[in-house]
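One file, model-v5.txt, is given below (compact mmCIF, C-alpha atoms and all ligand atoms).
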```txt
# COMPACT_ATOMS: atom_id res chain seq x y z
CA MET A 552 -7.44 1.13 -7.93
CA PHE A 553 -6.81 3.29 -11.00
CA LYS A 554 -8.53 0.92 -13.42
CA ASP A 555 -10.92 2.96 -15.63
CA LYS A 556 -10.49 5.99 -13.37
CA LYS A 557 -11.06 9.21 -15.27
CA ILE A 558 -8.24 11.52 -14.33
CA ALA A 559 -8.02 15.18 -15.33
CA PHE A 560 -4.30 15.87 -15.22
CA TYR A 561 -3.42 19.56 -14.87
CA VAL A 562 0.12 20.64 -15.67
CA THR A 563 1.35 24.09 -14.63
CA GLY A 564 4.58 25.87 -15.48
CA GLY A 565 7.66 24.76 -13.60
CA ILE A 566 10.76 22.80 -14.50
CA ALA A 567 9.17 19.66 -12.97
CA VAL A 568 6.81 19.44 -15.97
CA TYR A 569 9.20 16.93 -17.54
CA LYS A 570 8.84 14.70 -14.46
CA SER A 571 5.04 14.79 -14.56
CA ILE A 572 5.18 12.89 -17.87
CA GLN A 573 6.36 9.80 -15.98
CA LEU A 574 3.54 10.17 -13.46
CA MET A 575 0.98 10.44 -16.25
CA ARG A 576 2.40 7.36 -17.99
CA ASP A 577 2.39 5.32 -14.78
CA LEU A 578 -1.27 6.21 -14.15
CA ILE A 579 -2.14 5.12 -17.68
CA LYS A 580 -0.22 1.86 -17.17
CA LEU A 581 -2.29 1.28 -14.03
CA GLY A 582 -5.45 1.50 -16.14
CA ALA A 583 -6.49 5.15 -15.76
CA GLU A 584 -7.87 7.25 -18.59
CA VAL A 585 -6.02 10.55 -18.51
CA LYS A 586 -6.94 13.86 -20.12
CA VAL A 587 -4.42 16.67 -19.84
CA ALA A 588 -4.83 20.42 -19.54
CA MET A 589 -1.80 22.72 -19.43
CA THR A 590 -1.18 26.36 -18.64
CA PRO A 591 0.69 28.37 -21.31
CA ALA A 592 3.66 28.51 -18.87
CA ALA A 593 3.75 24.69 -18.66
CA ALA A 594 3.92 24.54 -22.47
CA GLU A 595 7.13 26.63 -22.29
CA PHE A 596 8.82 23.65 -20.65
CA VAL A 597 7.36 20.67 -22.56
CA ALA A 598 5.32 20.78 -25.76
CA PRO A 599 1.64 19.80 -25.36
CA LEU A 600 2.18 17.30 -28.15
CA THR A 601 4.22 15.11 -25.77
CA PHE A 602 1.25 14.83 -23.41
CA GLN A 603 -1.15 14.36 -26.31
CA VAL A 604 0.82 11.47 -27.83
CA LEU A 605 1.27 9.72 -24.48
CA SER A 606 -2.27 10.25 -23.15
CA LYS A 607 -3.87 9.64 -26.56
CA ASN A 608 -6.16 12.59 -25.89
CA ALA A 609 -6.08 16.19 -27.10
CA VAL A 610 -4.42 18.55 -24.62
CA HIS A 611 -6.49 21.53 -23.47
CA MET A 612 -4.78 24.90 -23.19
CA ASP A 613 -7.01 27.62 -24.51
CA THR A 614 -10.37 28.30 -22.86
CA PHE A 615 -11.68 29.96 -26.00
CA SER A 616 -10.64 27.47 -28.68
CA GLU A 617 -13.99 25.70 -28.54
CA GLU A 618 -13.53 23.23 -31.37
CA LEU A 619 -16.46 21.01 -30.39
CA PRO A 620 -19.56 23.23 -30.35
CA GLN A 621 -21.58 20.69 -28.37
CA TYR A 622 -19.30 21.15 -25.33
CA VAL A 623 -17.89 23.96 -23.23
CA GLN A 624 -14.50 22.30 -22.95
CA HIS A 625 -13.38 23.31 -19.46
CA ILE A 626 -16.78 22.46 -17.98
CA HIS A 627 -16.85 19.20 -19.89
CA LEU A 628 -13.44 18.17 -18.49
CA ALA A 629 -14.47 19.29 -14.98
CA ASP A 630 -17.64 17.17 -15.12
CA TRP A 631 -15.91 14.17 -16.76
CA ALA A 632 -13.17 13.72 -14.15
CA ASP A 633 -13.38 11.31 -11.19
CA LEU A 634 -10.16 12.77 -9.88
CA ASN A 635 -8.13 15.94 -10.51
CA ILE A 636 -4.36 15.99 -10.22
CA VAL A 637 -2.32 19.19 -10.46
CA ALA A 638 1.27 18.12 -11.10
CA PRO A 639 3.39 20.11 -10.88
CA ALA A 640 1.45 22.84 -9.11
CA THR A 641 3.22 26.20 -9.17
CA ALA A 642 2.89 28.81 -6.42
CA ASN A 643 0.94 30.94 -8.90
CA THR A 644 -1.65 28.25 -9.70
CA VAL A 645 -1.95 27.26 -6.02
CA ALA A 646 -2.70 30.94 -5.20
CA LYS A 647 -5.30 31.14 -7.97
CA LEU A 648 -7.00 27.93 -6.86
CA ALA A 649 -7.06 29.06 -3.24
CA HIS A 650 -8.77 32.32 -4.17
CA GLY A 651 -11.10 31.12 -6.91
CA PHE A 652 -9.46 32.65 -9.97
CA ALA A 653 -10.50 31.33 -13.39
CA ASP A 654 -8.18 33.09 -15.80
CA ASN A 655 -6.98 30.19 -17.95
CA PHE A 656 -8.20 26.73 -18.95
CA VAL A 657 -6.65 24.98 -15.92
CA THR A 658 -7.97 27.32 -13.24
CA SER A 659 -11.38 27.59 -14.94
CA ALA A 660 -11.83 23.81 -15.10
CA LEU A 661 -10.61 23.38 -11.51
CA LEU A 662 -13.07 26.01 -10.28
CA ALA A 663 -15.85 24.10 -12.02
CA THR A 664 -15.03 20.59 -10.81
CA THR A 665 -16.73 18.85 -7.91
CA SER A 666 -14.47 15.78 -7.82
CA PRO A 667 -11.46 15.34 -5.48
CA LEU A 668 -8.33 17.42 -5.90
CA PHE A 669 -4.76 16.15 -5.47
CA VAL A 670 -2.02 18.75 -5.62
CA VAL A 671 1.71 18.16 -6.12
CA PRO A 672 3.46 21.48 -5.46
CA ALA A 673 6.94 21.81 -6.92
CA MET A 674 8.86 25.06 -6.87
CA ASN A 675 11.81 26.92 -5.43
CA GLU A 676 12.27 26.37 -1.70
CA HIS A 677 11.74 30.03 -0.78
CA MET A 678 8.59 30.23 -2.90
CA TYR A 679 7.32 27.08 -1.22
CA GLU A 680 8.12 28.26 2.30
CA HIS A 681 6.69 31.76 1.69
CA PRO A 682 3.78 32.40 4.06
CA ALA A 683 1.54 33.26 1.10
CA THR A 684 2.11 29.84 -0.50
CA GLN A 685 1.80 28.01 2.80
CA GLU A 686 -1.47 29.81 3.58
CA ASN A 687 -2.82 29.08 0.11
CA LEU A 688 -1.94 25.38 0.41
CA GLN A 689 -3.62 25.35 3.80
CA ILE A 690 -6.78 26.84 2.28
CA LEU A 691 -6.87 24.04 -0.32
CA GLN A 692 -6.23 21.40 2.31
CA ASN A 693 -9.01 22.77 4.52
CA ARG A 694 -11.33 22.37 1.55
CA GLY A 695 -10.48 18.67 1.32
CA ALA A 696 -7.65 18.70 -1.22
CA TYR A 697 -4.67 16.41 -0.68
CA ILE A 698 -1.43 18.36 -0.70
CA MET A 699 1.61 16.21 -1.39
CA GLU A 700 4.70 17.39 0.45
CA PRO A 701 7.57 18.18 -1.92
CA GLU A 702 10.87 16.39 -1.49
CA THR A 703 14.03 17.94 -0.20
CA GLY A 704 17.01 17.63 -2.49
CA PHE A 705 18.91 19.16 -5.37
CA LEU A 706 16.79 21.89 -6.99
CA ALA A 707 17.05 23.24 -10.53
CA GLU A 708 18.52 26.43 -8.99
CA GLY A 709 21.69 24.48 -8.22
CA TYR A 710 21.28 24.21 -4.46
CA SER A 711 19.58 21.81 -2.14
CA GLY A 712 16.19 22.63 -0.68
CA LYS A 713 12.58 21.62 -0.21
CA GLY A 714 10.48 21.88 -3.34
CA ARG A 715 11.35 18.93 -5.56
CA PHE A 716 8.69 17.01 -7.43
CA PRO A 717 8.59 13.55 -5.75
CA GLU A 718 9.24 10.29 -7.57
CA SER A 719 6.24 8.96 -9.46
CA ALA A 720 5.97 5.86 -7.20
CA ALA A 721 5.74 8.04 -4.08
CA ILE A 722 3.02 10.20 -5.67
CA ILE A 723 1.02 7.12 -6.68
CA GLU A 724 1.30 5.73 -3.16
CA ALA A 725 -0.05 9.02 -1.75
CA LEU A 726 -2.82 9.04 -4.37
CA GLU A 727 -3.85 5.54 -3.32
CA SER A 728 -3.99 6.62 0.32
CA PHE A 729 -6.10 9.64 -0.65
CA LEU A 730 -8.57 7.53 -2.65
CA ILE A 731 -8.87 4.91 0.11
CA ASP A 732 -9.56 7.63 2.68
CA LEU A 733 -12.22 9.21 0.46
CA ASP A 734 -14.14 6.04 -0.36
CA GLU A 735 -16.58 5.36 2.47
CA GLN A 736 -18.09 2.41 0.58
CA LEU A 737 -15.01 0.17 0.85
CA PRO A 738 -16.02 -3.09 2.54
CA LEU A 739 -13.37 -3.00 5.27
CA LYS A 740 -13.89 0.67 6.21
CA GLY A 741 -13.69 1.07 9.98
CA LYS A 742 -12.21 -2.42 10.45
CA SER A 743 -8.89 -2.93 12.14
CA ILE A 744 -6.83 -5.84 10.83
CA LEU A 745 -3.64 -7.26 12.27
CA ILE A 746 -1.38 -9.17 9.89
CA THR A 747 1.91 -10.91 10.63
CA ALA A 748 4.54 -11.72 8.03
CA GLY A 749 7.97 -13.19 7.46
CA GLY A 750 10.11 -15.80 9.14
CA THR A 751 11.05 -15.09 12.74
CA LYS A 752 14.72 -15.07 13.74
CA GLU A 753 15.74 -16.79 16.94
CA ARG A 754 19.11 -15.54 18.09
CA ILE A 755 21.88 -17.93 19.06
CA ASP A 756 24.40 -15.14 19.61
CA PRO A 757 24.70 -11.51 18.39
CA VAL A 758 25.55 -12.59 14.81
CA ARG A 759 23.78 -15.94 14.36
CA TYR A 760 20.19 -17.03 14.34
CA ILE A 761 17.77 -19.83 13.44
CA SER A 762 15.17 -18.91 10.84
CA ASN A 763 13.27 -20.31 7.86
CA ASP A 764 12.70 -19.64 4.16
CA SER A 765 9.70 -17.33 4.51
CA SER A 766 10.21 -14.07 2.59
CA GLY A 767 7.18 -12.25 3.99
CA LYS A 768 5.74 -11.71 0.49
CA MET A 769 2.40 -13.36 1.27
CA GLY A 770 1.85 -11.41 4.48
CA HIS A 771 2.86 -8.11 2.87
CA ALA A 772 0.54 -8.78 -0.10
CA LEU A 773 -2.29 -9.48 2.36
CA ALA A 774 -1.60 -6.22 4.18
CA GLU A 775 -1.80 -4.25 0.91
CA ALA A 776 -4.95 -6.06 -0.21
CA ALA A 777 -6.73 -5.40 3.11
CA CYS A 778 -5.58 -1.77 3.05
CA ARG A 779 -6.98 -1.28 -0.47
CA GLN A 780 -10.34 -2.54 0.82
CA GLY A 781 -10.32 0.25 3.40
CA ALA A 782 -9.05 -1.56 6.53
CA GLU A 783 -6.80 0.05 9.11
CA VAL A 784 -3.94 -2.41 8.76
CA THR A 785 -1.16 -3.07 11.23
CA LEU A 786 1.56 -5.27 9.80
CA ILE A 787 3.93 -6.94 12.24
CA THR A 788 6.74 -8.22 10.13
CA ALA A 789 10.07 -9.98 10.31
CA SER A 790 10.68 -9.12 6.65
CA SER A 791 12.42 -6.04 5.27
CA LEU A 792 10.25 -5.86 2.13
CA PRO A 793 8.90 -2.37 1.37
CA VAL A 794 5.47 -1.52 2.77
CA HIS A 795 2.82 0.95 1.58
CA LYS A 796 2.93 4.16 3.65
CA LYS A 797 -0.71 3.75 4.65
CA ILE A 798 0.05 0.51 6.49
CA ARG A 799 1.24 0.83 10.08
CA THR A 800 4.33 -1.35 10.24
CA ILE A 801 6.04 -2.84 13.25
CA SER A 802 9.31 -4.67 12.71
CA ILE A 803 10.12 -7.63 14.90
CA ASP A 804 12.66 -10.42 14.80
CA SER A 805 11.86 -13.19 17.28
CA ALA A 806 8.70 -15.19 17.97
CA ALA A 807 8.68 -13.76 21.50
CA ALA A 808 8.65 -10.20 20.15
CA LEU A 809 5.91 -11.14 17.69
CA TYR A 810 3.82 -12.63 20.51
CA LYS A 811 4.11 -9.44 22.55
CA GLU A 812 3.09 -7.18 19.64
CA VAL A 813 0.13 -9.36 18.60
CA ASP A 814 -1.07 -9.90 22.15
CA GLN A 815 -1.18 -6.22 23.06
CA ARG A 816 -3.25 -5.33 19.96
CA PHE A 817 -5.53 -8.34 19.78
CA ASP A 818 -8.44 -6.94 21.82
CA GLN A 819 -8.81 -3.90 19.52
CA THR A 820 -8.55 -6.00 16.35
CA ASP A 821 -11.40 -7.20 14.14
CA ALA A 822 -9.33 -9.83 12.34
CA LEU A 823 -5.92 -11.41 12.78
CA ILE A 824 -4.14 -13.03 9.83
CA MET A 825 -1.09 -15.00 10.96
CA ALA A 826 0.91 -15.35 7.75
CA ALA A 827 4.22 -15.27 9.63
CA ALA A 828 6.29 -18.41 9.66
CA VAL A 829 6.87 -18.50 13.39
CA SER A 830 9.79 -20.56 14.52
CA ASP A 831 8.57 -23.38 16.74
CA TYR A 832 11.80 -23.32 18.77
CA ALA A 833 14.33 -20.81 20.03
CA PRO A 834 17.72 -21.36 21.65
CA ALA A 835 17.22 -21.86 25.39
CA HIS A 836 20.14 -19.50 26.07
CA GLN A 837 21.29 -16.62 23.93
CA ALA A 838 25.03 -15.90 24.14
CA ASP A 839 25.91 -12.26 24.88
CA HIS A 840 29.07 -12.48 22.77
CA LYS A 841 29.87 -14.18 19.49
CA MET A 842 30.39 -17.83 20.22
CA LYS A 843 33.84 -19.20 19.53
CA LYS A 844 34.46 -22.23 17.33
CA GLN A 845 34.29 -25.56 19.14
CA ASP A 846 34.88 -29.16 18.02
CA GLN A 847 31.30 -29.98 18.76
CA LEU A 848 28.36 -27.78 19.53
CA THR A 849 24.98 -28.66 20.90
CA ILE A 850 22.33 -25.96 21.04
CA GLU A 851 19.54 -26.59 23.44
CA LEU A 852 16.20 -25.42 22.07
CA LYS A 853 13.06 -24.47 23.94
CA LYS A 854 9.59 -24.47 22.45
CA ASN A 855 8.10 -21.09 21.50
CA ARG A 856 4.57 -20.17 22.49
CA ASP A 857 1.97 -20.81 19.81
CA ILE A 858 0.72 -17.27 19.16
CA LEU A 859 -2.31 -18.23 17.10
CA LYS A 860 -3.41 -20.85 19.58
CA ALA A 861 -3.15 -18.34 22.41
CA MET A 862 -5.22 -15.79 20.45
CA GLY A 863 -7.71 -18.56 19.59
CA LYS A 864 -8.25 -19.02 23.33
CA LYS A 865 -8.73 -15.27 23.89
CA LYS A 866 -10.94 -14.84 20.84
CA ALA A 867 -14.17 -12.87 21.30
CA HIS A 868 -15.51 -11.05 18.21
CA GLN A 869 -12.32 -11.49 16.13
CA ILE A 870 -12.00 -13.45 12.90
CA LEU A 871 -8.86 -15.59 13.04
CA ILE A 872 -7.01 -16.73 9.94
CA GLY A 873 -4.05 -19.06 10.10
CA PHE A 874 -1.71 -20.52 7.54
CA ALA A 875 -0.71 -24.15 7.36
CA ALA A 876 2.63 -24.72 5.70
CA GLU A 877 2.73 -28.42 4.91
CA THR A 878 4.64 -30.87 2.75
CA GLU A 879 2.25 -33.82 3.15
CA HIS A 880 -1.31 -34.69 4.32
CA ILE A 881 -2.20 -31.06 3.70
CA GLU A 882 -5.95 -31.24 4.27
CA GLN A 883 -5.71 -33.43 7.35
CA TYR A 884 -3.10 -31.23 9.05
CA ALA A 885 -4.81 -27.99 8.04
CA LEU A 886 -8.17 -29.09 9.48
CA LYS A 887 -6.45 -30.20 12.69
CA LYS A 888 -4.86 -26.74 13.07
CA LEU A 889 -8.18 -25.01 12.25
CA LYS A 890 -9.83 -26.85 15.12
CA GLU A 891 -7.01 -26.86 17.65
CA LYS A 892 -6.25 -23.15 17.22
CA ASN A 893 -9.95 -22.14 17.14
CA LEU A 894 -9.69 -20.47 13.71
CA ASP A 895 -12.34 -19.26 11.26
CA MET A 896 -10.21 -19.90 8.18
CA ILE A 897 -6.95 -21.66 7.46
CA VAL A 898 -4.93 -21.14 4.31
CA ALA A 899 -3.10 -24.35 3.50
CA ASN A 900 -0.21 -24.44 1.13
CA ASP A 901 2.26 -27.00 -0.05
CA VAL A 902 5.71 -25.72 0.85
CA GLY A 903 7.38 -28.79 -0.58
CA GLN A 904 7.20 -27.49 -4.17
CA SER A 905 9.76 -24.99 -5.45
CA ASP A 906 7.37 -22.91 -7.65
CA ARG A 907 5.04 -21.87 -4.82
CA GLY A 908 4.88 -20.92 -1.17
CA PHE A 909 8.06 -20.00 0.67
CA ASN A 910 10.27 -17.39 -0.93
CA THR A 911 8.55 -17.32 -4.36
CA ASP A 912 6.21 -14.80 -6.03
CA GLN A 913 3.43 -17.31 -6.56
CA ASN A 914 1.24 -19.50 -4.47
CA GLU A 915 -1.51 -22.07 -4.75
CA VAL A 916 -3.65 -22.50 -1.67
CA THR A 917 -6.75 -24.19 -0.36
CA ILE A 918 -8.75 -22.39 2.29
CA TYR A 919 -10.67 -24.42 4.84
CA PHE A 920 -13.50 -23.00 6.95
CA ARG A 921 -15.37 -24.22 10.00
CA ALA A 922 -18.59 -24.99 8.15
CA GLU A 923 -18.38 -23.97 4.48
CA GLU A 924 -16.84 -25.96 1.65
CA PRO A 925 -13.12 -25.35 1.07
CA ALA A 926 -12.01 -22.88 -1.64
CA THR A 927 -8.96 -23.44 -3.82
CA ILE A 928 -6.98 -20.64 -5.42
CA LEU A 929 -4.93 -22.11 -8.26
CA LEU A 930 -1.30 -21.14 -8.82
CA THR A 931 -1.12 -17.37 -9.32
CA ASP A 932 0.74 -14.27 -8.09
CA LYS A 933 0.72 -13.78 -4.33
CA THR A 934 -0.94 -10.38 -4.85
CA LYS A 935 -3.92 -12.12 -6.49
CA VAL A 936 -4.00 -14.86 -3.84
CA ALA A 937 -4.02 -12.12 -1.20
CA GLU A 938 -6.91 -10.29 -2.89
CA LYS A 939 -8.98 -13.48 -2.92
CA ILE A 940 -8.20 -14.31 0.72
CA VAL A 941 -9.27 -10.77 1.67
CA GLN A 942 -12.53 -11.25 -0.30
CA LEU A 943 -13.18 -14.43 1.72
CA LEU A 944 -12.41 -12.54 4.92
CA ILE A 945 -14.93 -9.84 3.92
CA GLN A 946 -17.56 -12.57 3.48
CA GLN A 947 -16.75 -13.95 6.95
CA MET A 948 -17.12 -10.48 8.44
CA GLU A 949 -20.51 -9.81 6.87
N1 LIG A 1001 1.93 -20.17 14.52
C1 LIG A 1001 1.93 -19.36 15.64
N2 LIG A 1001 2.85 -19.55 16.62
C2 LIG A 1001 3.75 -20.55 16.53
C3 LIG A 1001 3.76 -21.39 15.40
C4 LIG A 1001 2.84 -21.17 14.41
O1 LIG A 1001 1.11 -18.46 15.73
N3 LIG A 1001 4.64 -20.71 17.50
C5 LIG A 1001 0.92 -19.94 13.48
C6 LIG A 1001 1.49 -19.63 12.11
O2 LIG A 1001 1.65 -18.25 11.89
C7 LIG A 1001 0.43 -20.20 11.19
C8 LIG A 1001 -0.16 -21.35 11.99
O3 LIG A 1001 0.17 -21.10 13.34
O4 LIG A 1001 -0.60 -19.28 10.90
C9 LIG A 1001 0.34 -22.71 11.60
O5 LIG A 1001 1.75 -22.70 11.54
P1 LIG A 1001 2.58 -23.97 11.03
O6 LIG A 1001 4.03 -23.65 11.10
O7 LIG A 1001 2.01 -24.43 9.72
O8 LIG A 1001 2.17 -25.05 12.07
P2 LIG A 1001 2.55 -25.34 13.56
O9 LIG A 1001 1.37 -24.97 14.41
O10 LIG A 1001 3.85 -24.71 13.92
O11 LIG A 1001 2.66 -26.91 13.55
P3 LIG A 1001 3.69 -27.85 12.76
O12 LIG A 1001 4.99 -27.10 12.72
O13 LIG A 1001 3.73 -29.08 13.60
O14 LIG A 1001 3.09 -28.12 11.42
```
Give the structure from this file in structure tokens form.
Amino acid sequence: MFKDKKIAFYVTGGIAVYKSIQLMRDLIKLGAEVKVAMTPAAAEFVAPLTFQVLSKNAVHMDTFSEELPQYVQHIHLADWADLNIVAPATANTVAKLAHGFADNFVTSALLATTSPLFVVPAMNEHMYEHPATQENLQILQNRGAYIMEPETGFLAEGYSGKGRFPESAAIIEALESFLIDLDEQLPLKGKSILITAGGTKERIDPVRYISNDSSGKMGHALAEAACRQGAEVTLITASSLPVHKKIRTISIDSAAALYKEVDQRFDQTDALIMAAAVSDYAPAHQADHKMKKQDQLTIELKKNRDILKAMGKKKAHQILIGFAAETEHIEQYALKKLKEKNLDMIVANDVGQSDRGFNTDQNEVTIYFRAEEPATILLTDKTKVAEKIVQLLIQQME
């Protein structure tokens, strides 16, 4: 998402300047080209040289030090940028931006830019909560800027309050959401996609359950990949892996709970990807209290409903994608499931090998379709497998 993105990174004068270095580095690691401009106040906290060395670009500070006569530097930076980030943004700079001041390099360039603006305010709690600052932030937001909410926690003043510069990972997550929302050209814009993930848990008693080795990694990677392509993603998951804030997440444990959540959303969904490893059976009776040790124990199991098959029967306009976890006769079983469950695609993987599939970071899969030739994705990271599956889904939706 940040690959080859041209980011103008504006640093204004608050103690959080030292934290913005990490954000800049992370954006560069993600493939962005970053050019920095600082206010003189920002340079009181961290020397411009630090930003210059790490961004590998000269840092702009003085509107009138026009070293390259062919360019007006602040206009050149404003025109060059695909995206503008102000991090940290002080109350003073926020006020200037809201009211169109252009009294230093940063405010002049930001007045001249036409590309999106992302603002990370960081300041003392009372400065942040002041009606003037709140109104100024509102003005910027009304103009289309993204205003990141500061964190609450220990401030440089020695007390706890709202105004902290968030962790770099949280800022990048918000930036991704902002860019996805802005890009109307993304292929899954306006599409609603339901994805299930993880191994269901079928309770025997309050502390014991039957489950399987699924980690949920594949389903979560699919949710992120579909989200990056602009889809409105709902992830119904039995896994506790972290999820991007832009993805609506519903946590479930049992197959019955998963059925209910899928069923009630299916009609409004454009595609369903069932990556969850749904337990085929559940205990016929769930004990209310922890079961006591016995010499012999027999647990009666009842068959769970096949969620995908049920949705296959209900299917109208939806694209249905299933997974086939197999240890033998992969193609034969996958094609049988494709037909019996009325699917458009089935992703077959060999769960009998320890380097792929269940509970690993990698996967190798073959995708079977109703009419087209199958497609194989050779052993690679689940994030890459997910991206390719989503590309195939996009083709099916066209
Ligand atoms: N599935 C489902 N509901 C179930 C069982 C499976 O929706 N009760 C879905 C899975 O999420 C997967 C597909 O059906 O997308 C195939 O699951 P898999 O476990 O490979 O096959 P089963 O249909 O359970 O058949 P078998 O266990 O005999 O291979």
> Hey, what's within 6 Å of segment 739-744 of chain A if we count all atoms listed in the file and toss same-chain stuff fewer than 4 positions away? As a list in words, please?
Replying inline: Gln780, Gly781, Ala782, Glu783, Val784, Thr820, Asp821, Ala822 and Leu823 of chain A
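Our summary of the geometry notes that atom CA of Ala593 of chain A is positioned 22.6 Å from atom CA of Tyr710 of chain A.
Distances here use all atoms listed in the file; by that measure, the residue among A:Gln947, A:Thr849, A:Thr927, A:Asn763 closest to ligand LIG 1001 (chain A) is A:Asn763.
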>> as a PyMOL selection string, please: every protein or nucleic acid residue near ligand LIG 1001 (chain A) (cut-off 7 Å, counting all atoms listed in the file).
In response: chain A and resi 806+825-831+855-860+872-877+888
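For Ile850 of chain A, the non-local neighbours within 9 Å, defined as residues at least 6 positions apart in the same chain or in other chains and counting all atoms listed in the file, are Ile755, Pro834, Ala835 and His836 of chain A.
With all atoms listed in the file as the atoms that count, the minimum distance from Asp654 of chain A to the choices A:Asp901, A:Glu882, A:Asp613, A:Glu938 is reached by A:Asp613.
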>> Can you measure atom CA of Glu708 of chain A to atom CA of Val657 of chain A for me? One decimal in Å is fine.
In response: 26.1 Å
> Could you work out how far atom CA of Phe909 of chain A lies from atom CA of Ser790 of chain A, giving the answer in Å with one decimal?
Replying inline: 12.7 Å
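Closest approach to Ser905 of chain A among A:His795, A:Arg921, A:Asp764, A:Glu686 is made by A:Asp764 (distances from all atoms listed in the file).
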Proximity check segment 656-702 of chain A to segment 568-573 of chain A, 12 Å, nearest pairs one decimal Å, only C-alpha atoms, as JSON lines:
```
{"residue": "A:Val671", "atom": "CA", "partner": "A:Ser571", "partner_atom": "CA", "distance": 9.7}
{"residue": "A:Pro672", "atom": "CA", "partner": "A:Val568", "partner_atom": "CA", "distance": 11.2}
{"residue": "A:Ala673", "atom": "CA", "partner": "A:Val568", "partner_atom": "CA", "distance": 9.4}
{"residue": "A:Met674", "atom": "CA", "partner": "A:Val568", "partner_atom": "CA", "distance": 10.9}
```
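Every protein or nucleic acid residue with an atom no more than 6 Å from segment 712-718 of chain A, counting all atoms listed in the file and leaving out same-chain residues fewer than 3 positions away, appears here: A:Ala673, A:Met674, A:Asn675, A:Glu676, A:Pro701, A:Glu702, A:Thr703, A:Gly704, A:Ala721.
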Could you give me, as an mmCIF file with C-alpha atoms, in the frame of the given file, the residues within 9 Å of segment 635-639 of chain A, counting only C-alpha atoms and dropping anything in the same chain fewer than 6 positions from it?
```cif
data_model
loop_
_atom_site.group_PDB
_atom_site.id
_atom_site.type_symbol
_atom_site.label_atom_id
_atom_site.label_comp_id
_atom_site.auth_asym_id
_atom_site.auth_seq_id
_atom_site.Cartn_x
_atom_site.Cartn_y
_atom_site.Cartn_z
ATOM 1 C CA LYS A 557 -11.060 9.210 -15.270
ATOM 2 C CA ILE A 558 -8.240 11.520 -14.330
ATOM 3 C CA ALA A 559 -8.020 15.180 -15.330
ATOM 4 C CA PHE A 560 -4.300 15.870 -15.220
ATOM 5 C CA TYR A 561 -3.420 19.560 -14.870
ATOM 6 C CA VAL A 562 0.120 20.640 -15.670
ATOM 7 C CA THR A 563 1.350 24.090 -14.630
ATOM 8 C CA GLY A 564 4.580 25.870 -15.480
ATOM 9 C CA GLY A 565 7.660 24.760 -13.600
ATOM 10 C CA ILE A 566 10.760 22.800 -14.500
ATOM 11 C CA ALA A 567 9.170 19.660 -12.970
ATOM 12 C CA VAL A 568 6.810 19.440 -15.970
ATOM 13 C CA LYS A 570 8.840 14.700 -14.460
ATOM 14 C CA SER A 571 5.040 14.790 -14.560
ATOM 15 C CA LEU A 574 3.540 10.170 -13.460
ATOM 16 C CA ALA A 629 -14.470 19.290 -14.980
ATOM 17 C CA LEU A 661 -10.610 23.380 -11.510
ATOM 18 C CA THR A 664 -15.030 20.590 -10.810
ATOM 19 C CA SER A 666 -14.470 15.780 -7.820
ATOM 20 C CA PRO A 667 -11.460 15.340 -5.480
ATOM 21 C CA LEU A 668 -8.330 17.420 -5.900
ATOM 22 C CA PHE A 669 -4.760 16.150 -5.470
ATOM 23 C CA VAL A 670 -2.020 18.750 -5.620
ATOM 24 C CA VAL A 671 1.710 18.160 -6.120
ATOM 25 C CA PRO A 672 3.460 21.480 -5.460
ATOM 26 C CA ALA A 673 6.940 21.810 -6.920
ATOM 27 C CA MET A 674 8.860 25.060 -6.870
ATOM 28 C CA PHE A 716 8.690 17.010 -7.430
#
```
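Distance annotation: of A:Val936, A:Ile690, A:Leu578, A:Leu619, the residue with the minimal separation from Gly651 of chain A is A:Ile690; atom set is all atoms listed in the file.
Residues within 9 Å of Asn910 of chain A, counting all atoms listed in the file and excluding same-chain residues fewer than 2 positions away, are Asp764, Ser765, Ser766, Gly767, Lys768, Ser905, Arg907, Gly908, Asp912 and Gln913 of chain A.
Using all atoms listed in the file, the nearest neighbour of Thr644 of chain A within the list A:Ser728, A:Asn687, A:Gln621, A:Gln904 is A:Asn687.
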